[in-house]
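Let me begin by presenting the structure, written as structure tokens, before commenting on it.
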Amino acid sequence: MPPLISVLFPCRNAARVLPDAIASLEVQTYADFEVIAVDDGSDDDTPAILADWAARDARVRPLVNPGIGLVHALNTAAGCARGDLIARMDADDVAEPTRFERQVAFLAENPRVGACGTRVRYFPRAELRDGARRYEAWLNALTAPGDLARDIFVECPIAHPTLFVRADAFRAVGRYRDMGWPEDYDLVLRLWEGGFGLANVPEVLLHWREGANRASRTDPRYGHDAFRRCRVHFLRRTLLAGRNGVVVWGAGPIGKAMAKELAGQGERILAFVDLDPRKIGQTIHGAPVIAPAGIEAFRGAFALGAVGSPGAREEIRAALNAAGWREMEDYCVVA
């Protein structure tokens with residue numbers, strides 16, 4: 001019989017850290033899994049380490065990819081997956097022994113959830129930047145499907161190396177794609193768009209390695225501009241469809257950048273909302289800056305709360321909710 005879980009495990013020049021990841025998988029308390037380990041063009045000892053692992057564990061299937069990128073490696077692994085659940089694991093991270101057990105149980109207990117992650121902890125802590133600390137805190141606060149759905153346009157609400165997704169949902173949305181923006185966020189947004197519930201197990205079950213060479217720091221596909229293009233692409237396919245324009249709440253750098261991307265993808269910016277009296281009355285990208293009370297003149301438009309601070313996002317939510325605007329129907333928050 002095929003295993004329940006197929007772990008997609010891409011590796012590239014990971015010899016220094018790979019033994020720690022392997023050791024954490026070897027001690028999983030839930031053992032019904034296979035690991036499809038794709039060596040994506042390594043020129044270090046990664047292939048030898050994977051071969052040795054496969055020799056002592058029949059659940060491991062090493063494959064060789066020609067080094068043409070993560071998305072291709074992931075889809076190579078996915079094409080060989082036999083399990084009803086698709087799991088992710090990176091070669092430089094460390095899973096808690098109960099990770100698979102907890103995520104299998106969670107999906108069994110929550111049949112309407114199509115994919116789940118877990119809470120995470122970055123390591124080594126001495127290398128953490130402020131942005132990583134903020135993301136870790138934000139991510140770990142999201143557990144229930146409603147929490148993830150309402151913040152889905154802030155950041156990716158499931159840490160990619162913690163992902164567990166039902167194979168039928170994964171295949172229904174088209175597996176991974178290379179769109180010039182983060183492949184994990186693209187997949188999670190397609191799952192959300194497809195009506196599959198998203199959640200996180202409320203336990204730290206993965207230790208996420210931080211470092212200066214991470215792709216999120218060095219590859220433009222994971223930069224702010226790429227994330228913004230991705231958000232706007234999916235906003236236009238979903239929440240903005242059929243609306244007569246957008247009101248951007250926030251006339252700071254985030255709001256201006258979001259408005260520029262929206263306009264570039266064909267959306268009409270009707271107004272900016274801001275609290276700063278020095279900005280009210282100005283024009284940005286051809287749209288007026290108005291006080292919060294003025295948003296009532298734009299009923300029928302969609303409002304985007306485009307600010308960086310979690311506290312400011314909550315203030316925007318409170319103001320719009322009090323005015324009768326419905327979150328994820330009439331407005332949402334973005335970053």
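So you can find residues: chains in the structure tokens are A, B, ... in the order shown, residues in each start at 1, and ligands are numbered from 1 in order.
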_At a cut-off of 12 Å, using only C-alpha atoms, what residues contact Val120 (chain A)? Leave out same-chain residues fewer than 2 positions from it and give the result as a VMD selection string._
chain A and resid 93 to 96 99 117 to 118 122 to 123 132 to 133 135 to 143 157 to 163 200 to 210
*Name the residues of region 181-289 of chain A that come out as strand (DSSP E or B) in a backbone DSSP run; write them as a ChimeraX atom specification.*
/A:197-209,246-249,269-273,283-284,287-289
*Contacts of Trp325 (chain A) at 12 Å (only C-alpha atoms; same-chain gap of 6+ positions) as a ChimeraX atom specification*: /A:295-296,298-304,316-319,331-332
Generate the output file for the selected residues, C-alpha atoms, as a compact mmCIF listing (two decimals), in the first residue's frame.
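Below you can see selection_6.txt, which holds the result:
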# COMPACT_ATOMS: atom_id res chain seq x y z
CA ILE A 295 -14.97 56.94 2.85
CA GLU A 296 -18.75 56.76 3.04
CA PHE A 298 -17.27 55.45 -1.87
CA ARG A 299 -19.74 52.71 -0.95
CA GLY A 300 -19.61 50.10 -3.68
CA ALA A 301 -15.85 50.41 -4.02
CA PHE A 302 -13.48 48.00 -2.30
CA ALA A 303 -11.27 49.30 0.51
CA LEU A 304 -7.72 48.10 1.16
CA ILE A 316 -8.59 50.30 10.28
CA ARG A 317 -10.59 47.14 10.83
CA ALA A 318 -12.35 48.65 13.83
CA ALA A 319 -13.24 51.83 11.92
CA TYR A 331 -12.54 45.47 2.50
CA CYS A 332 -9.40 43.64 3.51
*List every residue of region 48-137 of chain A that DSSP, applied to the backbone, labels as alpha helix (DSSP H), and write the result as an MDAnalysis selection string.*
chainID A and resid 48:56 70:80 99:109 130:137
Would you write out those residues with N, CA and C atoms, as a compact mmCIF listing (two decimals), in the first residue's frame?
# COMPACT_ATOMS: atom_id res chain seq x y z
N ALA A 48 25.70 12.12 -2.09
CA ALA A 48 26.20 10.98 -1.31
C ALA A 48 25.43 10.82 -0.01
N ILE A 49 25.10 11.94 0.61
CA ILE A 49 24.34 11.88 1.87
C ILE A 49 22.95 11.31 1.62
N LEU A 50 22.31 11.74 0.53
CA LEU A 50 20.98 11.22 0.19
C LEU A 50 21.05 9.73 -0.15
N ALA A 51 22.08 9.33 -0.88
CA ALA A 51 22.22 7.91 -1.23
C ALA A 51 22.41 7.05 0.01
N ASP A 52 23.19 7.54 0.94
CA ASP A 52 23.40 6.80 2.19
C ASP A 52 22.11 6.68 2.99
N TRP A 53 21.35 7.76 3.01
CA TRP A 53 20.06 7.77 3.72
C TRP A 53 19.11 6.74 3.08
N ALA A 54 19.02 6.76 1.75
CA ALA A 54 18.14 5.81 1.05
C ALA A 54 18.57 4.37 1.27
N ALA A 55 19.87 4.13 1.42
CA ALA A 55 20.37 2.77 1.61
C ALA A 55 19.92 2.19 2.94
N ARG A 56 19.73 3.04 3.94
CA ARG A 56 19.32 2.53 5.24
C ARG A 56 17.84 2.73 5.54
N LEU A 70 13.87 25.67 -7.82
CA LEU A 70 13.06 25.05 -6.79
C LEU A 70 11.71 24.56 -7.31
N VAL A 71 11.03 25.37 -8.10
CA VAL A 71 9.69 24.97 -8.56
C VAL A 71 9.77 23.69 -9.38
N HIS A 72 10.74 23.59 -10.26
CA HIS A 72 10.88 22.37 -11.06
C HIS A 72 11.19 21.18 -10.16
N ALA A 73 12.07 21.38 -9.17
CA ALA A 73 12.41 20.30 -8.24
C ALA A 73 11.18 19.85 -7.46
N LEU A 74 10.38 20.81 -7.00
CA LEU A 74 9.17 20.46 -6.25
C LEU A 74 8.18 19.69 -7.11
N ASN A 75 8.00 20.12 -8.35
CA ASN A 75 7.06 19.42 -9.21
C ASN A 75 7.60 18.06 -9.66
N THR A 76 8.92 17.93 -9.76
CA THR A 76 9.50 16.61 -10.02
C THR A 76 9.16 15.65 -8.88
N ALA A 77 9.33 16.13 -7.66
CA ALA A 77 8.97 15.30 -6.50
C ALA A 77 7.48 15.03 -6.46
N ALA A 78 6.67 16.06 -6.71
CA ALA A 78 5.21 15.90 -6.66
C ALA A 78 4.73 14.88 -7.69
N GLY A 79 5.40 14.83 -8.84
CA GLY A 79 5.01 13.87 -9.88
C GLY A 79 5.20 12.43 -9.47
N CYS A 80 6.02 12.20 -8.46
CA CYS A 80 6.27 10.83 -7.97
C CYS A 80 5.51 10.53 -6.68
N ARG A 99 5.87 16.25 14.66
CA ARG A 99 5.29 17.12 13.62
C ARG A 99 4.30 16.36 12.75
N PHE A 100 4.71 15.26 12.12
CA PHE A 100 3.82 14.54 11.21
C PHE A 100 2.60 14.01 11.96
N GLU A 101 2.81 13.48 13.15
CA GLU A 101 1.69 12.95 13.94
C GLU A 101 0.64 14.02 14.19
N ARG A 102 1.10 15.21 14.60
CA ARG A 102 0.16 16.30 14.92
C ARG A 102 -0.57 16.80 13.68
N GLN A 103 0.13 16.91 12.56
CA GLN A 103 -0.53 17.44 11.37
C GLN A 103 -1.48 16.42 10.75
N VAL A 104 -1.14 15.15 10.77
CA VAL A 104 -2.07 14.12 10.30
C VAL A 104 -3.33 14.13 11.14
N ALA A 105 -3.19 14.20 12.46
CA ALA A 105 -4.34 14.22 13.35
C ALA A 105 -5.19 15.45 13.11
N PHE A 106 -4.53 16.60 12.91
CA PHE A 106 -5.27 17.85 12.71
C PHE A 106 -6.13 17.77 11.45
N LEU A 107 -5.57 17.28 10.36
CA LEU A 107 -6.36 17.19 9.13
C LEU A 107 -7.47 16.16 9.25
N ALA A 108 -7.24 15.09 9.99
CA ALA A 108 -8.29 14.09 10.20
C ALA A 108 -9.44 14.68 11.01
N GLU A 109 -9.12 15.54 11.95
CA GLU A 109 -10.14 16.15 12.81
C GLU A 109 -10.82 17.36 12.16
N ASP A 130 14.85 42.07 12.38
CA ASP A 130 13.56 42.50 12.91
C ASP A 130 12.40 41.99 12.06
N GLY A 131 12.59 41.97 10.73
CA GLY A 131 11.52 41.50 9.85
C GLY A 131 11.17 40.05 10.11
N ALA A 132 12.18 39.21 10.34
CA ALA A 132 11.91 37.80 10.63
C ALA A 132 11.21 37.64 11.97
N ARG A 133 11.59 38.44 12.95
CA ARG A 133 10.92 38.38 14.25
C ARG A 133 9.45 38.77 14.12
N ARG A 134 9.20 39.82 13.34
CA ARG A 134 7.80 40.25 13.16
C ARG A 134 7.00 39.18 12.43
N TYR A 135 7.60 38.58 11.38
CA TYR A 135 6.88 37.56 10.63
C TYR A 135 6.60 36.35 11.51
N GLU A 136 7.57 35.92 12.30
CA GLU A 136 7.39 34.79 13.20
C GLU A 136 6.24 35.05 14.17
N ALA A 137 6.21 36.25 14.77
CA ALA A 137 5.15 36.57 15.72
C ALA A 137 3.79 36.63 15.03
_Can you tell me which residues surround region 218-225 of chain A at a distance of at most 6 Å, considering only C-alpha atoms, apart from same-chain residues fewer than 5 positions away, and format the answer as a ChimeraX atom specification?_
/A:180-182
Restricting it to N, CA and C atoms, dump the selection as a PDB file, in the first residue's frame.
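Full text of part_35.pdb as output:
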ATOM      1  N   GLY A 180       7.302  34.181 -11.143  1.00  0.00           N
ATOM      2  CA  GLY A 180       8.147  35.320 -10.844  1.00  0.00           C
ATOM      3  C   GLY A 180       7.892  35.912  -9.477  1.00  0.00           C
ATOM      4  N   TRP A 181       7.130  35.208  -8.669  1.00  0.00           N
ATOM      5  CA  TRP A 181       6.897  35.590  -7.280  1.00  0.00           C
ATOM      6  C   TRP A 181       6.926  34.322  -6.432  1.00  0.00           C
ATOM      7  N   PRO A 182       6.810  34.428  -5.099  1.00  0.00           N
ATOM      8  CA  PRO A 182       6.999  33.245  -4.246  1.00  0.00           C
ATOM      9  C   PRO A 182       6.046  32.098  -4.586  1.00  0.00           C
TER      10      PRO A 182
END
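Closest approach to Ala323 (chain A) among A:Leu148, A:Ala297, A:Ala15, A:Leu128: A:Ala297, based on only C-alpha atoms.
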